[in-house]
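Asker: Data file work_27.cif (mmCIF, C-alpha atoms) is appended below.
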data_my_file
#
loop_
_atom_site.group_PDB
_atom_site.id
_atom_site.type_symbol
_atom_site.label_atom_id
_atom_site.label_comp_id
_atom_site.auth_asym_id
_atom_site.auth_seq_id
_atom_site.Cartn_x
_atom_site.Cartn_y
_atom_site.Cartn_z
ATOM 1 C CA MET A 1 116.051 108.370 103.395
ATOM 2 C CA ALA A 2 114.388 111.794 103.625
ATOM 3 C CA ASN A 3 115.385 113.903 106.644
ATOM 4 C CA SER A 4 112.727 113.617 109.345
ATOM 5 C CA SER A 5 113.066 117.010 111.051
ATOM 6 C CA ASP A 6 113.141 118.935 107.758
ATOM 7 C CA ASN A 7 110.097 117.095 106.456
ATOM 8 C CA ILE A 8 108.115 117.678 109.635
ATOM 9 C CA SER A 9 108.708 121.429 109.832
ATOM 10 C CA LYS A 10 107.873 122.237 106.195
ATOM 11 C CA PHE A 11 104.287 120.968 106.389
ATOM 12 C CA PHE A 12 103.035 122.661 109.534
ATOM 13 C CA HIS A 13 101.276 126.022 109.597
ATOM 14 C CA ASN A 14 103.268 126.825 112.740
ATOM 15 C CA LYS A 15 106.767 125.333 112.559
ATOM 16 C CA THR A 16 107.393 125.869 116.288
ATOM 17 C CA SER A 17 104.360 124.111 117.746
ATOM 18 C CA GLY A 18 103.809 121.860 114.704
ATOM 19 C CA TRP A 19 100.104 122.046 113.917
ATOM 20 C CA LEU A 20 97.850 121.585 110.894
ATOM 21 C CA ARG A 21 94.348 122.836 110.197
ATOM 22 C CA LEU A 22 91.699 120.157 109.881
ATOM 23 C CA ASP A 23 90.565 119.547 106.336
ATOM 24 C CA THR A 24 86.907 119.967 105.358
ATOM 25 C CA VAL A 25 85.915 116.344 106.043
ATOM 26 C CA ALA A 26 88.059 116.045 109.177
ATOM 27 C CA ARG A 27 86.082 118.846 110.837
ATOM 28 C CA ILE A 28 82.936 116.722 110.603
ATOM 29 C CA TYR A 29 84.586 113.592 111.999
ATOM 30 C CA ALA A 30 86.284 115.513 114.811
ATOM 31 C CA ALA A 31 82.874 116.783 115.930
ATOM 32 C CA ILE A 32 81.270 113.324 116.132
ATOM 33 C CA MET A 33 84.126 111.042 117.210
ATOM 34 C CA GLY A 34 83.834 109.259 120.549
ATOM 35 C CA SER A 35 83.356 105.815 122.083
ATOM 36 C CA ARG A 36 80.072 105.430 120.179
ATOM 37 C CA SER A 37 81.601 106.617 116.914
ATOM 38 C CA PRO A 38 85.400 106.242 116.907
ATOM 39 C CA THR A 39 85.556 107.232 113.183
ATOM 40 C CA ALA A 40 88.307 104.665 112.636
ATOM 41 C CA PHE A 41 88.840 102.290 109.745
ATOM 42 C CA ARG A 42 91.207 99.358 109.356
ATOM 43 C CA ILE A 43 93.356 97.989 106.520
ATOM 44 C CA CYS A 44 94.951 94.550 106.930
ATOM 45 C CA ALA A 45 97.578 92.523 105.101
ATOM 46 C CA VAL A 46 98.232 88.812 105.637
ATOM 47 C CA THR A 47 101.730 87.476 104.962
ATOM 48 C CA LYS A 48 103.087 83.960 104.487
ATOM 49 C CA ASN A 49 105.415 84.199 107.485
ATOM 50 C CA THR A 50 105.075 85.376 111.086
ATOM 51 C CA ILE A 51 105.588 89.127 111.472
ATOM 52 C CA ASP A 52 108.963 90.239 112.849
ATOM 53 C CA PRO A 53 108.104 93.055 115.333
ATOM 54 C CA GLU A 54 111.598 94.566 115.372
ATOM 55 C CA THR A 55 111.721 94.887 111.588
ATOM 56 C CA LEU A 56 108.164 96.235 111.505
ATOM 57 C CA GLN A 57 109.068 98.960 114.017
ATOM 58 C CA THR A 58 112.124 99.923 111.975
ATOM 59 C CA ALA A 59 109.983 100.055 108.843
ATOM 60 C CA LEU A 60 107.476 102.336 110.592
ATOM 61 C CA ASP A 61 110.236 104.669 111.795
ATOM 62 C CA ASP A 62 111.580 104.963 108.246
ATOM 63 C CA VAL A 63 108.198 105.420 106.562
ATOM 64 C CA LEU A 64 107.196 108.202 108.971
ATOM 65 C CA LYS A 65 110.169 110.218 107.711
ATOM 66 C CA ARG A 66 108.479 110.180 104.296
ATOM 67 C CA PHE A 67 104.988 110.751 105.768
ATOM 68 C CA PRO A 68 105.693 113.101 108.723
ATOM 69 C CA TYR A 69 102.139 114.463 108.675
ATOM 70 C CA PHE A 70 100.808 111.109 109.936
ATOM 71 C CA ARG A 71 102.425 111.594 113.336
ATOM 72 C CA MET A 72 99.561 113.771 114.523
ATOM 73 C CA LYS A 73 97.097 113.894 117.402
ATOM 74 C CA LEU A 74 93.792 115.752 117.583
ATOM 75 C CA LYS A 75 93.722 118.844 119.782
ATOM 76 C CA PHE A 76 90.529 120.606 120.837
ATOM 77 C CA GLY A 77 90.993 124.371 120.804
ATOM 78 C CA LEU A 78 88.830 127.154 122.193
ATOM 79 C CA PHE A 79 87.495 128.166 118.776
ATOM 80 C CA TRP A 80 88.490 125.298 116.470
ATOM 81 C CA ASN A 81 90.088 121.863 116.526
ATOM 82 C CA PHE A 82 93.421 121.127 114.876
ATOM 83 C CA LEU A 83 96.095 118.474 114.364
ATOM 84 C CA GLN A 84 99.338 118.707 116.315
ATOM 85 C CA ASN A 85 102.573 116.765 116.058
ATOM 86 C CA THR A 86 102.705 114.233 118.905
ATOM 87 C CA GLY A 87 106.435 114.758 119.384
ATOM 88 C CA LYS A 88 106.678 111.072 120.270
ATOM 89 C CA ARG A 89 107.822 107.971 118.445
ATOM 90 C CA PRO A 90 104.754 105.931 117.390
ATOM 91 C CA LEU A 91 105.202 102.336 118.503
ATOM 92 C CA ILE A 92 103.744 99.217 116.955
ATOM 93 C CA GLU A 93 101.606 97.043 119.218
ATOM 94 C CA GLU A 94 100.594 93.422 119.369
ATOM 95 C CA GLU A 95 96.875 92.918 118.862
ATOM 96 C CA THR A 96 95.087 92.446 122.182
ATOM 97 C CA HIS A 97 92.140 94.872 121.925
ATOM 98 C CA ILE A 98 88.974 95.081 119.870
ATOM 99 C CA PRO A 99 89.535 96.604 116.413
ATOM 100 C CA CYS A 100 88.959 100.280 115.627
ATOM 101 C CA ARG A 101 88.726 101.391 119.239
ATOM 102 C CA GLU A 102 88.607 105.067 120.159
ATOM 103 C CA PHE A 103 91.849 107.044 119.883
ATOM 104 C CA THR A 104 93.052 108.575 123.151
ATOM 105 C CA PRO A 105 93.869 112.321 123.243
ATOM 106 C CA GLU A 106 97.650 111.911 123.300
ATOM 107 C CA GLU A 107 98.153 109.084 120.809
ATOM 108 C CA PRO A 108 98.653 109.552 117.064
ATOM 109 C CA LEU A 109 95.571 109.114 114.907
ATOM 110 C CA PHE A 110 96.808 105.837 113.467
ATOM 111 C CA ARG A 111 97.991 102.485 114.833
ATOM 112 C CA VAL A 112 100.196 99.707 113.490
ATOM 113 C CA ILE A 113 99.132 96.375 114.960
ATOM 114 C CA TYR A 114 100.466 92.884 114.372
ATOM 115 C CA ARG A 115 99.511 89.369 115.324
ATOM 116 C CA GLY A 116 100.828 86.141 113.881
ATOM 117 C CA ASN A 117 101.190 86.701 110.144
ATOM 118 C CA ARG A 118 98.886 89.728 109.944
ATOM 119 C CA ILE A 119 99.665 93.448 109.892
ATOM 120 C CA SER A 120 96.757 95.800 110.584
ATOM 121 C CA LEU A 121 96.714 99.566 110.319
ATOM 122 C CA GLU A 122 93.945 101.652 111.847
ATOM 123 C CA PHE A 123 93.395 105.278 110.906
ATOM 124 C CA SER A 124 91.093 107.980 112.189
ATOM 125 C CA HIS A 125 89.122 109.673 109.423
ATOM 126 C CA VAL A 126 90.224 112.934 111.033
ATOM 127 C CA LEU A 127 93.712 112.144 109.713
ATOM 128 C CA THR A 128 93.121 110.628 106.276
ATOM 129 C CA ASP A 129 90.716 108.761 104.015
ATOM 130 C CA GLY A 130 90.833 105.274 102.517
ATOM 131 C CA ILE A 131 93.190 106.253 99.691
ATOM 132 C CA GLY A 132 95.585 108.000 102.058
ATOM 133 C CA GLY A 133 95.474 105.083 104.488
ATOM 134 C CA LEU A 134 96.082 102.603 101.679
ATOM 135 C CA THR A 135 99.026 104.658 100.399
ATOM 136 C CA PHE A 136 100.634 104.642 103.846
ATOM 137 C CA THR A 137 99.896 100.933 104.339
ATOM 138 C CA ARG A 138 101.421 99.928 100.998
ATOM 139 C CA SER A 139 104.534 101.975 101.694
ATOM 140 C CA LEU A 140 104.951 100.455 105.159
ATOM 141 C CA ILE A 141 104.462 96.848 104.046
ATOM 142 C CA ALA A 142 106.710 97.250 100.999
ATOM 143 C CA HIS A 143 109.481 98.742 103.157
ATOM 144 C CA TYR A 144 109.035 95.977 105.747
ATOM 145 C CA PHE A 145 109.658 93.357 103.073
ATOM 146 C CA ARG A 146 112.478 95.435 101.623
ATOM 147 C CA LEU A 147 114.182 95.276 105.023
ATOM 148 C CA LYS A 148 113.586 91.513 104.979
ATOM 149 C CA GLY A 149 115.520 91.241 101.709
ATOM 150 C CA CYS A 150 112.795 91.627 99.071
ATOM 151 C CA ASP A 151 112.893 94.220 96.301
ATOM 152 C CA PHE A 152 110.095 96.407 94.948
ATOM 153 C CA GLU A 153 109.853 98.895 92.129
ATOM 154 C CA TYR A 154 108.398 102.269 93.024
ATOM 155 C CA SER A 155 105.170 103.349 91.313
ATOM 156 C CA ASP A 156 102.394 105.917 91.674
ATOM 157 C CA ASP A 157 100.887 103.717 94.397
ATOM 158 C CA LEU A 158 104.200 102.952 96.124
ATOM 159 C CA TYR A 159 106.033 106.054 97.274
ATOM 160 C CA ASP A 160 109.826 106.363 97.114
ATOM 161 C CA LEU A 161 110.995 106.872 100.699
ATOM 162 C CA GLU A 162 114.123 108.646 99.471
ATOM 163 C CA LYS A 163 112.138 111.485 97.911
ATOM 164 C CA THR A 164 111.059 114.601 99.761
ATOM 165 C CA PRO A 165 107.311 114.849 100.482
ATOM 166 C CA LEU A 166 105.330 117.319 98.406
ATOM 167 C CA GLN A 167 103.501 120.227 100.001
ATOM 168 C CA GLU A 168 100.402 119.205 98.027
ATOM 169 C CA GLU A 169 100.186 115.975 100.029
ATOM 170 C CA THR A 170 98.783 117.901 102.996
ATOM 171 C CA GLU A 171 96.480 120.284 101.137
ATOM 172 C CA ASP A 172 92.758 120.533 101.765
ATOM 173 C CA ALA A 173 91.759 119.760 98.177
ATOM 174 C CA PHE A 174 88.162 120.778 98.896
ATOM 175 C CA GLU A 175 89.305 124.358 99.416
ATOM 176 C CA ARG A 176 91.270 124.303 96.150
ATOM 177 C CA TYR A 177 88.495 122.933 93.966
ATOM 178 C CA PHE A 178 85.418 124.214 95.808
ATOM 179 C CA PRO A 179 86.284 127.706 97.095
ATOM 180 C CA GLY A 180 83.688 130.115 98.376
ATOM 181 C CA ASN A 181 80.197 129.352 99.569
ATOM 182 C CA ILE A 182 78.764 125.954 98.673
ATOM 183 C CA PRO A 183 74.948 125.764 98.464
ATOM 184 C CA SER A 184 73.313 123.918 101.345
ATOM 185 C CA PRO A 185 72.038 120.439 100.486
ATOM 186 C CA GLU A 186 68.342 119.914 99.935
ATOM 187 C CA LYS A 187 66.457 119.208 103.146
ATOM 188 C CA LEU A 188 65.238 115.606 103.178
ATOM 189 C CA ASP A 189 62.669 113.742 105.214
ATOM 190 C CA THR A 190 63.840 111.386 107.961
ATOM 191 C CA ALA A 191 65.278 108.208 106.461
ATOM 192 C CA PHE A 192 64.709 104.621 107.555
ATOM 193 C CA HIS A 193 66.762 103.594 110.598
ATOM 194 C CA ILE A 194 67.433 100.062 111.788
ATOM 195 C CA LYS A 195 65.874 99.474 115.190
ATOM 196 C CA GLY A 196 67.729 97.692 117.956
ATOM 197 C CA LYS A 197 69.518 97.999 121.272
ATOM 198 C CA LEU A 198 72.780 99.927 121.298
ATOM 199 C CA LEU A 199 75.930 98.157 122.441
ATOM 200 C CA PRO A 200 77.661 99.461 125.588
ATOM 201 C CA ARG A 201 80.010 102.359 124.886
ATOM 202 C CA GLY A 202 83.363 101.136 123.611
ATOM 203 C CA ASP A 203 82.015 97.746 122.483
ATOM 204 C CA LEU A 204 82.065 96.663 118.870
ATOM 205 C CA ASN A 205 80.665 93.665 117.037
ATOM 206 C CA VAL A 206 82.723 92.441 114.090
ATOM 207 C CA ILE A 207 81.289 90.327 111.277
ATOM 208 C CA THR A 208 83.952 88.843 109.010
ATOM 209 C CA GLY A 209 83.283 87.394 105.592
ATOM 210 C CA THR A 210 85.417 86.229 102.691
ATOM 211 C CA CYS A 211 84.721 85.859 98.996
ATOM 212 C CA ASN A 212 86.601 84.962 95.843
ATOM 213 C CA SER A 213 87.722 88.306 94.412
ATOM 214 C CA GLY A 214 87.978 86.891 90.899
ATOM 215 C CA ILE A 215 84.374 85.708 90.906
ATOM 216 C CA LEU A 216 83.231 89.009 92.438
ATOM 217 C CA LEU A 217 84.984 91.011 89.719
ATOM 218 C CA ASP A 218 83.500 88.805 86.999
ATOM 219 C CA VAL A 219 79.983 89.441 88.322
ATOM 220 C CA CYS A 220 80.633 93.191 88.531
ATOM 221 C CA ARG A 221 81.882 93.250 84.936
ATOM 222 C CA LYS A 222 78.759 91.383 83.860
ATOM 223 C CA PHE A 223 76.596 94.196 85.248
ATOM 224 C CA CYS A 224 79.058 96.932 84.169
ATOM 225 C CA VAL A 225 79.443 98.269 87.713
ATOM 226 C CA THR A 226 82.276 98.763 90.175
ATOM 227 C CA VAL A 227 82.734 96.530 93.211
ATOM 228 C CA ASN A 228 81.580 99.420 95.420
ATOM 229 C CA ASP A 229 78.404 99.852 93.359
ATOM 230 C CA PHE A 230 77.651 96.131 93.450
ATOM 231 C CA LEU A 231 78.149 95.758 97.212
ATOM 232 C CA ALA A 232 76.221 98.971 97.926
ATOM 233 C CA ALA A 233 73.295 97.668 95.861
ATOM 234 C CA HIS A 234 73.240 94.428 97.855
ATOM 235 C CA TYR A 235 73.337 96.388 101.102
ATOM 236 C CA LEU A 236 70.418 98.522 99.929
ATOM 237 C CA TRP A 237 68.464 95.387 99.004
ATOM 238 C CA ALA A 238 69.097 93.941 102.477
ATOM 239 C CA LEU A 239 67.835 97.162 104.081
ATOM 240 C CA TYR A 240 64.796 97.158 101.792
ATOM 241 C CA ARG A 241 63.861 93.661 102.952
ATOM 242 C CA LEU A 242 64.446 94.678 106.571
ATOM 243 C CA ARG A 243 62.353 97.843 106.248
ATOM 244 C CA GLY A 244 59.130 95.881 105.904
ATOM 245 C CA LYS A 245 56.026 98.062 105.915
ATOM 246 C CA CYS A 246 57.893 101.228 106.870
ATOM 247 C CA ASN A 247 57.579 103.699 103.989
ATOM 248 C CA ARG A 248 60.565 105.904 104.814
ATOM 249 C CA ASP A 249 63.286 106.287 102.196
ATOM 250 C CA ILE A 250 66.414 104.165 102.481
ATOM 251 C CA ARG A 251 69.613 106.177 102.121
ATOM 252 C CA LEU A 252 73.162 104.914 101.899
ATOM 253 C CA LEU A 253 76.192 107.185 102.080
ATOM 254 C CA VAL A 254 78.923 105.856 99.800
ATOM 255 C CA PRO A 255 82.377 107.502 99.904
ATOM 256 C CA VAL A 256 83.724 108.692 96.564
ATOM 257 C CA ASN A 257 87.387 109.216 95.733
ATOM 258 C CA LEU A 258 87.309 112.693 94.187
ATOM 259 C CA ARG A 259 90.931 112.402 93.050
ATOM 260 C CA SER A 260 89.696 110.595 89.942
ATOM 261 C CA LYS A 261 87.730 113.712 88.922
ATOM 262 C CA TYR A 262 89.813 116.482 90.489
ATOM 263 C CA PRO A 263 93.553 115.695 90.300
ATOM 264 C CA SER A 264 95.255 116.047 93.668
ATOM 265 C CA LYS A 265 98.175 114.409 95.436
ATOM 266 C CA THR A 266 96.671 115.010 98.864
ATOM 267 C CA ILE A 267 96.975 112.171 101.378
ATOM 268 C CA ARG A 268 94.271 113.742 103.524
ATOM 269 C CA ASN A 269 90.505 113.432 103.077
ATOM 270 C CA PHE A 270 89.270 114.015 99.541
#
Reformat the file's structure so that it appears as structure tokens.

Answerer:
Amino acid sequence: MANSSDNISKFFHNKTSGWLRLDTVARIYAAIMGSRSPTAFRICAVTKNTIDPETLQTALDDVLKRFPYFRMKLKFGLFWNFLQNTGKRPLIEEETHIPCREFTPEEPLFRVIYRGNRISLEFSHVLTDGIGGLTFTRSLIAHYFRLKGCDFEYSDDLYDLEKTPLQEETEDAFERYFPGNIPSPEKLDTAFHIKGKLLPRGDLNVITGTCNSGILLDVCRKFCVTVNDFLAAHYLWALYRLRGKCNRDIRLLVPVNLRSKYPSKTIRNF
């Protein structure tokens, strides 16, 4: 297993206080996060058997030695915000709260939650994006089952916990590929907004749906589109029907994994 203290110190801009600059996307999320917009996302895995909390905690301890830059909290500085090592052992928790709640100032920007046969990981977008969160989640779940006696082969999507982390994993890939001044986006008219009453601060409504992934993929192949494209199109159609007589444009922001176009091993936002 990689040495925890060595791995932690090599990634920080200041090895004494242990801090990291926010990446380009994280700066935006840090500015808007709050009880109304916690900027959190969740990845879940359902197992056949009830989760063993003790083994899950051990798995988390081990995986954090390979991903030391996940043990971070957001600090608000006088001139800029930054990530700082919490200096504490992140603990798993049994699910008792609403999902994707706001992160408190002193807790790490991720959570490992369990209930019954389900493991859930929540990440702040200040810390990582969907690919980075999925990489961490896969590594944690694979190591959990490895501790339970299962065996897995390492791959590009499943990191070897014995190997030393790469410096590139914490880079701001935007700065590498898009240095200098980037032209400002074109100014657009106000888009269509759904009307309604806001929930009380801290509250969240969750709508859960399931579908057959095989059938979904078959339909996407029929139209020669990705699953993201297909679901985004349906969401746009729903908004179009809801818009009624309003003539404002409908806009949908769809995240894009730039690693497919600009090679990078970063686990942060890209």

Asker: Which residues match the PyMOL selection byres ((chain A and resi 64) around 10) in the file above, as an mmCIF file with C-alpha atoms, in the coordinates of the input?

Answerer:
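File produced: result02.cif:
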data_model
loop_
_atom_site.group_PDB
_atom_site.id
_atom_site.type_symbol
_atom_site.label_atom_id
_atom_site.label_comp_id
_atom_site.auth_asym_id
_atom_site.auth_seq_id
_atom_site.Cartn_x
_atom_site.Cartn_y
_atom_site.Cartn_z
ATOM 1 C CA ALA A 2 114.388 111.794 103.625
ATOM 2 C CA SER A 4 112.727 113.617 109.345
ATOM 3 C CA ASN A 7 110.097 117.095 106.456
ATOM 4 C CA ILE A 8 108.115 117.678 109.635
ATOM 5 C CA ALA A 59 109.983 100.055 108.843
ATOM 6 C CA LEU A 60 107.476 102.336 110.592
ATOM 7 C CA ASP A 61 110.236 104.669 111.795
ATOM 8 C CA ASP A 62 111.580 104.963 108.246
ATOM 9 C CA VAL A 63 108.198 105.420 106.562
ATOM 10 C CA LYS A 65 110.169 110.218 107.711
ATOM 11 C CA ARG A 66 108.479 110.180 104.296
ATOM 12 C CA PHE A 67 104.988 110.751 105.768
ATOM 13 C CA PRO A 68 105.693 113.101 108.723
ATOM 14 C CA TYR A 69 102.139 114.463 108.675
ATOM 15 C CA PHE A 70 100.808 111.109 109.936
ATOM 16 C CA ARG A 71 102.425 111.594 113.336
ATOM 17 C CA ARG A 89 107.822 107.971 118.445
ATOM 18 C CA PRO A 90 104.754 105.931 117.390
ATOM 19 C CA PHE A 136 100.634 104.642 103.846
ATOM 20 C CA SER A 139 104.534 101.975 101.694
ATOM 21 C CA LEU A 140 104.951 100.455 105.159
ATOM 22 C CA LEU A 161 110.995 106.872 100.699
#

Asker: Applied to this file, what does the PyMOL selection byres ((chain A and resi 39) around 7) return in terms of residues, put as a PDB file with C-alpha atoms, in the coordinates of the input?

Answerer:
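As a result, out09.pdb now contains:
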ATOM      1  CA  TYR A  29      84.586 113.592 111.999  1.00  0.00           C
ATOM      2  CA  MET A  33      84.126 111.042 117.210  1.00  0.00           C
ATOM      3  CA  SER A  37      81.601 106.617 116.914  1.00  0.00           C
ATOM      4  CA  PRO A  38      85.400 106.242 116.907  1.00  0.00           C
ATOM      5  CA  ALA A  40      88.307 104.665 112.636  1.00  0.00           C
ATOM      6  CA  PHE A  41      88.840 102.290 109.745  1.00  0.00           C
ATOM      7  CA  SER A 124      91.093 107.980 112.189  1.00  0.00           C
ATOM      8  CA  HIS A 125      89.122 109.673 109.423  1.00  0.00           C
TER       9      HIS A 125
END

Asker: Find the spatial neighbours of Thr55 of chain A, counting only C-alpha atoms, within a cut-off of 8 Å - ignore same-chain residues fewer than 6 positions away - and output them as a list in words.

Answerer: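 The residues that qualify are Tyr144, Leu147 and Lys148 of chain A.
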
Asker: Pick out the closest residue to Leu127 of chain A from this set: A:Leu239, A:Gly214, A:Met72, A:Leu91. Count all atoms listed in the file.

Answerer: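 Nearest candidate to Leu127 of chain A out of A:Leu239, A:Gly214, A:Met72, A:Leu91: A:Met72.
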
Asker: Let me know the residues the PyMOL selection byres ((chain A and resi 75-81) around 10) catches in the file above, as JSON, numbers by chain.

Answerer: {"A": [19, 20, 21, 22, 26, 27, 30, 31, 72, 73, 74, 82, 83, 84, 85, 105, 106]}

Asker: Any idea what the distance is between atom CA of Cys100 of chain A and atom CA of Glu122 of chain A?

Answerer: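 One can read the atom CA of Cys100 of chain A to atom CA of Glu122 of chain A distance as 6.4 Å.
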
Asker: Using all atoms listed in the file, pick whichever of A:Arg268, A:Ile28, A:Pro53, A:Leu217 has the shortest atom-to-atom distance to Asp172 of chain A.

Answerer: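 Selected residue with least distance to Asp172 of chain A: A:Arg268.
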
Asker: Would you mind telling me which residue in A:Asp129, A:Glu54, A:Asp157, A:Glu168 lies nearest to Leu109 of chain A when using only C-alpha atoms?

Answerer: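 The closest residue to Leu109 of chain A is A:Asp129.
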
Asker: List the neighbours of Ala173 of chain A out to 8 Å using all atoms listed in the file; skip same-chain residues closer than 6 positions along the sequence, and give me the result as a list in words.

Answerer: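 The contact residues come out as Ser264, Thr266 and Phe270 of chain A.
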